[in-house]
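Structure data follow from data38.txt (compact mmCIF, N, CA and C atoms):
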# COMPACT_ATOMS: atom_id res chain seq x y z
N MET A 1 75.97 -62.82 65.27
CA MET A 1 74.52 -62.88 65.35
C MET A 1 74.00 -61.56 65.90
N ALA A 2 73.56 -60.68 65.04
CA ALA A 2 73.00 -59.39 65.46
C ALA A 2 71.57 -59.59 65.96
N ILE A 3 71.17 -58.73 66.88
CA ILE A 3 69.83 -58.76 67.45
C ILE A 3 69.15 -57.44 67.08
N THR A 4 67.98 -57.55 66.48
CA THR A 4 67.20 -56.37 66.12
C THR A 4 65.93 -56.35 66.96
N ILE A 5 65.68 -55.21 67.57
CA ILE A 5 64.48 -55.02 68.38
C ILE A 5 63.65 -53.93 67.70
N ASN A 6 62.42 -54.26 67.36
CA ASN A 6 61.47 -53.27 66.86
C ASN A 6 60.57 -52.89 68.03
N ILE A 7 60.57 -51.62 68.37
CA ILE A 7 59.72 -51.14 69.45
C ILE A 7 58.73 -50.14 68.87
N TYR A 8 57.45 -50.44 69.03
CA TYR A 8 56.38 -49.56 68.60
C TYR A 8 55.90 -48.79 69.83
N TYR A 9 56.19 -47.49 69.87
CA TYR A 9 55.72 -46.63 70.94
C TYR A 9 54.41 -45.99 70.48
N SER A 10 53.38 -46.10 71.31
CA SER A 10 52.06 -45.55 70.94
C SER A 10 51.52 -44.71 72.09
N GLY A 11 50.78 -43.67 71.70
CA GLY A 11 50.17 -42.79 72.68
C GLY A 11 49.04 -42.01 72.04
N THR A 12 48.81 -40.83 72.56
CA THR A 12 47.78 -39.92 72.03
C THR A 12 48.40 -38.55 71.84
N ASP A 13 47.69 -37.69 71.14
CA ASP A 13 48.10 -36.29 70.95
C ASP A 13 49.53 -36.15 70.39
N GLU A 14 49.90 -37.09 69.51
CA GLU A 14 51.23 -37.12 68.89
C GLU A 14 52.36 -37.23 69.91
N ASN A 15 52.07 -37.81 71.07
CA ASN A 15 53.08 -37.94 72.11
C ASN A 15 54.22 -38.87 71.71
N ALA A 16 53.95 -39.87 70.89
CA ALA A 16 55.03 -40.76 70.45
C ALA A 16 56.04 -39.99 69.61
N LYS A 17 55.55 -39.13 68.76
CA LYS A 17 56.45 -38.31 67.94
C LYS A 17 57.22 -37.32 68.81
N LYS A 18 56.55 -36.73 69.78
CA LYS A 18 57.22 -35.80 70.70
C LYS A 18 58.31 -36.52 71.50
N PHE A 19 58.02 -37.75 71.90
CA PHE A 19 59.00 -38.57 72.61
C PHE A 19 60.24 -38.77 71.75
N ALA A 20 60.05 -39.19 70.50
CA ALA A 20 61.19 -39.43 69.60
C ALA A 20 61.97 -38.13 69.37
N GLU A 21 61.26 -37.04 69.18
CA GLU A 21 61.93 -35.76 68.98
C GLU A 21 62.77 -35.37 70.19
N GLU A 22 62.24 -35.59 71.39
CA GLU A 22 63.00 -35.26 72.60
C GLU A 22 64.17 -36.22 72.80
N MET A 23 63.99 -37.48 72.42
CA MET A 23 65.12 -38.42 72.48
C MET A 23 66.28 -37.92 71.63
N VAL A 24 65.97 -37.36 70.47
CA VAL A 24 67.01 -36.84 69.58
C VAL A 24 67.55 -35.51 70.11
N SER A 25 66.68 -34.58 70.43
CA SER A 25 67.13 -33.24 70.84
C SER A 25 67.90 -33.25 72.15
N SER A 26 67.61 -34.19 73.02
CA SER A 26 68.32 -34.28 74.31
C SER A 26 69.63 -35.04 74.18
N ARG A 27 69.92 -35.52 72.98
CA ARG A 27 71.16 -36.23 72.66
C ARG A 27 71.24 -37.64 73.23
N ILE A 28 70.14 -38.13 73.77
CA ILE A 28 70.12 -39.51 74.28
C ILE A 28 70.39 -40.48 73.13
N VAL A 29 69.77 -40.23 71.99
CA VAL A 29 69.97 -41.10 70.82
C VAL A 29 71.44 -41.12 70.43
N LYS A 30 72.07 -39.97 70.42
CA LYS A 30 73.49 -39.91 70.06
C LYS A 30 74.34 -40.73 71.03
N GLU A 31 74.02 -40.64 72.32
CA GLU A 31 74.75 -41.41 73.33
C GLU A 31 74.54 -42.91 73.14
N ILE A 32 73.33 -43.31 72.84
CA ILE A 32 73.05 -44.74 72.63
C ILE A 32 73.79 -45.24 71.41
N ARG A 33 73.76 -44.47 70.34
CA ARG A 33 74.48 -44.89 69.12
C ARG A 33 75.97 -45.03 69.36
N ALA A 34 76.51 -44.32 70.35
CA ALA A 34 77.94 -44.40 70.66
C ALA A 34 78.29 -45.58 71.57
N GLU A 35 77.28 -46.23 72.12
CA GLU A 35 77.54 -47.37 72.99
C GLU A 35 78.16 -48.52 72.20
N LYS A 36 79.09 -49.21 72.83
CA LYS A 36 79.74 -50.34 72.19
C LYS A 36 78.71 -51.40 71.81
N GLY A 37 78.75 -51.82 70.55
CA GLY A 37 77.86 -52.87 70.08
C GLY A 37 76.59 -52.38 69.42
N ASN A 38 76.30 -51.07 69.50
CA ASN A 38 75.09 -50.57 68.84
C ASN A 38 75.34 -50.47 67.34
N LEU A 39 74.46 -51.06 66.56
CA LEU A 39 74.57 -51.04 65.11
C LEU A 39 73.55 -50.11 64.47
N LYS A 40 72.44 -49.87 65.15
CA LYS A 40 71.40 -49.00 64.59
C LYS A 40 70.46 -48.57 65.72
N TYR A 41 70.05 -47.33 65.66
CA TYR A 41 69.06 -46.79 66.59
C TYR A 41 68.35 -45.70 65.83
N GLU A 42 67.22 -46.04 65.25
CA GLU A 42 66.58 -45.12 64.31
C GLU A 42 65.06 -45.17 64.44
N TYR A 43 64.44 -43.99 64.40
CA TYR A 43 62.98 -43.88 64.50
C TYR A 43 62.34 -43.76 63.12
N PHE A 44 61.15 -44.34 62.99
CA PHE A 44 60.35 -44.26 61.77
C PHE A 44 58.91 -43.97 62.15
N PHE A 45 58.20 -43.33 61.24
CA PHE A 45 56.81 -42.92 61.50
C PHE A 45 55.88 -43.62 60.52
N PRO A 46 55.04 -44.55 61.00
CA PRO A 46 54.09 -45.23 60.11
C PRO A 46 53.13 -44.22 59.48
N MET A 47 52.94 -44.34 58.17
CA MET A 47 52.09 -43.39 57.44
C MET A 47 50.63 -43.45 57.87
N GLU A 48 50.16 -44.63 58.25
CA GLU A 48 48.73 -44.79 58.53
C GLU A 48 48.39 -44.75 60.02
N ASP A 49 49.38 -44.49 60.85
CA ASP A 49 49.15 -44.44 62.29
C ASP A 49 49.95 -43.28 62.88
N LYS A 50 49.33 -42.14 62.99
CA LYS A 50 50.00 -40.92 63.45
C LYS A 50 50.31 -40.93 64.95
N GLU A 51 49.82 -41.93 65.67
CA GLU A 51 50.03 -42.00 67.11
C GLU A 51 51.09 -43.03 67.50
N THR A 52 51.81 -43.55 66.52
CA THR A 52 52.83 -44.58 66.78
C THR A 52 54.15 -44.18 66.13
N VAL A 53 55.23 -44.52 66.81
CA VAL A 53 56.59 -44.36 66.30
C VAL A 53 57.25 -45.73 66.40
N LEU A 54 57.97 -46.11 65.35
CA LEU A 54 58.72 -47.36 65.35
C LEU A 54 60.20 -47.06 65.58
N LEU A 55 60.78 -47.70 66.58
CA LEU A 55 62.22 -47.64 66.80
C LEU A 55 62.82 -48.96 66.32
N ILE A 56 63.81 -48.88 65.44
CA ILE A 56 64.58 -50.05 65.06
C ILE A 56 65.91 -49.94 65.78
N ASP A 57 66.15 -50.89 66.66
CA ASP A 57 67.29 -50.88 67.58
C ASP A 57 68.08 -52.17 67.33
N ARG A 58 69.32 -52.07 66.84
CA ARG A 58 70.09 -53.26 66.49
C ARG A 58 71.41 -53.29 67.25
N TRP A 59 71.75 -54.48 67.76
CA TRP A 59 72.94 -54.68 68.58
C TRP A 59 73.75 -55.84 68.04
N GLU A 60 75.07 -55.79 68.24
CA GLU A 60 75.97 -56.84 67.75
C GLU A 60 75.65 -58.20 68.34
N ASN A 61 75.29 -58.23 69.63
CA ASN A 61 75.05 -59.50 70.30
C ASN A 61 74.29 -59.24 71.60
N GLN A 62 73.96 -60.32 72.30
CA GLN A 62 73.20 -60.20 73.54
C GLN A 62 73.98 -59.45 74.62
N GLU A 63 75.29 -59.64 74.66
CA GLU A 63 76.11 -58.94 75.65
C GLU A 63 76.00 -57.42 75.49
N SER A 64 76.05 -56.96 74.26
CA SER A 64 75.91 -55.51 74.00
C SER A 64 74.55 -55.00 74.44
N LEU A 65 73.52 -55.77 74.15
CA LEU A 65 72.16 -55.38 74.54
C LEU A 65 72.02 -55.38 76.06
N ASP A 66 72.58 -56.39 76.72
CA ASP A 66 72.53 -56.44 78.18
C ASP A 66 73.23 -55.23 78.80
N PHE A 67 74.39 -54.86 78.25
CA PHE A 67 75.13 -53.70 78.74
C PHE A 67 74.27 -52.44 78.60
N HIS A 68 73.61 -52.30 77.45
CA HIS A 68 72.73 -51.15 77.22
C HIS A 68 71.60 -51.12 78.24
N HIS A 69 71.01 -52.27 78.50
CA HIS A 69 69.89 -52.33 79.46
C HIS A 69 70.32 -51.94 80.88
N LYS A 70 71.60 -52.11 81.20
CA LYS A 70 72.11 -51.74 82.53
C LYS A 70 72.68 -50.32 82.56
N SER A 71 72.71 -49.66 81.41
CA SER A 71 73.32 -48.33 81.33
C SER A 71 72.37 -47.25 81.86
N PRO A 72 72.91 -46.07 82.17
CA PRO A 72 72.07 -44.94 82.61
C PRO A 72 71.06 -44.51 81.53
N MET A 73 71.31 -44.87 80.29
CA MET A 73 70.38 -44.49 79.20
C MET A 73 68.99 -45.07 79.44
N MET A 74 68.94 -46.26 80.01
CA MET A 74 67.63 -46.92 80.18
C MET A 74 66.71 -46.09 81.07
N GLN A 75 67.24 -45.54 82.16
CA GLN A 75 66.39 -44.74 83.03
C GLN A 75 65.93 -43.48 82.33
N LYS A 76 66.78 -42.88 81.51
CA LYS A 76 66.39 -41.70 80.75
C LYS A 76 65.26 -42.03 79.78
N ILE A 77 65.37 -43.19 79.13
CA ILE A 77 64.32 -43.62 78.19
C ILE A 77 63.02 -43.87 78.95
N ILE A 78 63.10 -44.56 80.07
CA ILE A 78 61.91 -44.86 80.87
C ILE A 78 61.25 -43.56 81.33
N ASP A 79 62.05 -42.61 81.80
CA ASP A 79 61.50 -41.33 82.26
C ASP A 79 60.76 -40.61 81.14
N LEU A 80 61.34 -40.58 79.95
CA LEU A 80 60.67 -39.91 78.82
C LEU A 80 59.41 -40.68 78.40
N ARG A 81 59.50 -42.00 78.39
CA ARG A 81 58.34 -42.81 78.02
C ARG A 81 57.18 -42.53 78.98
N GLU A 82 57.49 -42.41 80.27
CA GLU A 82 56.45 -42.10 81.26
C GLU A 82 55.95 -40.67 81.10
N LYS A 83 56.85 -39.75 80.82
CA LYS A 83 56.46 -38.35 80.61
C LYS A 83 55.39 -38.23 79.53
N TYR A 84 55.56 -39.02 78.44
CA TYR A 84 54.63 -38.95 77.32
C TYR A 84 53.55 -40.03 77.38
N ASN A 85 53.52 -40.81 78.46
CA ASN A 85 52.48 -41.81 78.70
C ASN A 85 52.32 -42.76 77.52
N LEU A 86 53.42 -43.40 77.15
CA LEU A 86 53.42 -44.28 75.98
C LEU A 86 53.32 -45.75 76.36
N SER A 87 52.66 -46.51 75.51
CA SER A 87 52.68 -47.96 75.63
C SER A 87 53.64 -48.50 74.59
N MET A 88 54.02 -49.77 74.75
CA MET A 88 55.00 -50.36 73.85
C MET A 88 54.55 -51.74 73.36
N LYS A 89 54.91 -52.03 72.13
CA LYS A 89 54.82 -53.38 71.58
C LYS A 89 56.22 -53.68 71.08
N VAL A 90 56.76 -54.85 71.44
CA VAL A 90 58.15 -55.17 71.13
C VAL A 90 58.23 -56.46 70.32
N GLU A 91 59.07 -56.42 69.27
CA GLU A 91 59.38 -57.59 68.46
C GLU A 91 60.89 -57.75 68.47
N ARG A 92 61.35 -58.99 68.55
CA ARG A 92 62.80 -59.27 68.61
C ARG A 92 63.14 -60.23 67.47
N TYR A 93 64.23 -59.91 66.76
CA TYR A 93 64.69 -60.72 65.63
C TYR A 93 66.18 -60.99 65.77
N VAL A 94 66.59 -62.19 65.40
CA VAL A 94 68.00 -62.55 65.38
C VAL A 94 68.40 -62.71 63.92
N THR A 95 69.55 -62.13 63.55
CA THR A 95 70.00 -62.16 62.17
C THR A 95 70.26 -63.58 61.70
N ASP A 96 69.79 -63.89 60.52
CA ASP A 96 70.05 -65.18 59.87
C ASP A 96 71.42 -65.08 59.23
N GLU A 97 72.39 -65.77 59.79
CA GLU A 97 73.77 -65.68 59.32
C GLU A 97 73.96 -66.25 57.92
N SER A 98 73.00 -67.02 57.42
CA SER A 98 73.15 -67.62 56.09
C SER A 98 72.91 -66.62 54.97
N GLY A 99 72.37 -65.44 55.30
CA GLY A 99 72.15 -64.41 54.28
C GLY A 99 70.84 -64.59 53.54
N ILE A 100 70.69 -63.81 52.50
CA ILE A 100 69.47 -63.81 51.70
C ILE A 100 69.53 -64.97 50.69
N PRO A 101 68.52 -65.85 50.70
CA PRO A 101 68.52 -66.96 49.74
C PRO A 101 68.46 -66.45 48.29
N ASP A 102 69.08 -67.19 47.40
CA ASP A 102 69.10 -66.81 45.98
C ASP A 102 67.69 -66.60 45.44
N ARG A 103 66.73 -67.42 45.86
CA ARG A 103 65.36 -67.30 45.34
C ARG A 103 64.72 -65.97 45.73
N ASP A 104 65.19 -65.37 46.81
CA ASP A 104 64.66 -64.07 47.23
C ASP A 104 65.39 -62.91 46.58
N LYS A 105 66.62 -63.12 46.16
CA LYS A 105 67.42 -62.05 45.59
C LYS A 105 66.85 -61.51 44.28
N THR A 106 66.04 -62.30 43.59
CA THR A 106 65.46 -61.84 42.34
C THR A 106 64.49 -60.68 42.55
N PHE A 107 64.02 -60.51 43.80
CA PHE A 107 63.07 -59.44 44.12
C PHE A 107 63.77 -58.18 44.60
N ILE A 108 65.08 -58.23 44.72
CA ILE A 108 65.84 -57.10 45.26
C ILE A 108 66.56 -56.38 44.12
N LYS A 109 66.34 -55.12 44.05
CA LYS A 109 66.95 -54.33 42.98
C LYS A 109 68.26 -53.75 43.44

Give the structure from the file, written as structure tokens.
Amino acid sequence: MAITINIYYSGTDENAKKFAEEMVSSRIVKEIRAEKGNLKYEYFFPMEDKETVLLIDRWENQESLDFHHKSPMMQKIIDLREKYNLSMKVERYVTDESGIPDRDKTFIK
């Protein structure tokens, strides 16, 4: 049962984008991706909202996510988030182990 967390970071003056860029350039993202249980850690930029960045963060299970939350990475993320004065909106999803229903597969190329 994988857990996916969508985090929308929002700010002003393109600070969300600057935050994501510094997360990558400081190698924090690389360190997080190397953590046991991390399946995805990737930033996306909504076309219609230049002040928001979407992070898709996926973990194998709750134990992996809990370990990440207790890791030194969290303080680094918090420090950068505060540096850029960002707010967050968070969505959490649990993988449906049954897969994609046949009726939906007709829409997938």

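Distances to Lys89 in chain A were evaluated for A:Ala2, A:Ser10, A:Lys36, A:Thr106 using all atoms listed in the file, and the minimum falls at A:Ser10.
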
Review point. Can you list, as a ChimeraX atom specification, every protein, DNA or RNA residue that comes within 7 Å of range 58-72 of chain A when you count only N, CA and C atoms, leaving out same-chain residues fewer than 5 positions away?
Key: /A:1-5,36-42,77

Exercise for review: Identify, on the basis of all atoms listed in the file, every residue whose closest approach to Lys17 in chain A does not exceed 6.5 Å; exclude the query and any residue fewer than 4 positions from it along the same chain; express the result as a ChimeraX atom specification.
Suggested key: /A:21-22,51-53

Check your understanding: Out of chain A, which residues get alpha helix (DSSP H) from DSSP, as a PyMOL selection string?
Key -> chain A and resi 15-25+28-34+62-70+72-83+102-105

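Taking only C-alpha atoms into account, Ile32 in chain A lies nearest to A:Met73 out of the set A:Met88, A:Ile108, A:Leu55, A:Met73.
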
Review point. Can you tell me how far atom C of Val94 in chain A sits from atom C of Arg81 in chain A, in Å to one decimal?
Key: 27.6 Å

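For the pair CA of Asp57 in chain A and atom C of Asn15 in chain A, the separation is 18.2 Å.
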
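Here the residues within range 79-109 of chain A that DSSP labels strand (DSSP E or B) on the basis of the backbone are Ser87, Met88, Lys89, Val90, Glu91, Arg92, Tyr93 and Val94 of chain A.
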
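Separating CA of Lys30 in chain A from CA of Met47 in chain A is a distance of 25.1 Å.
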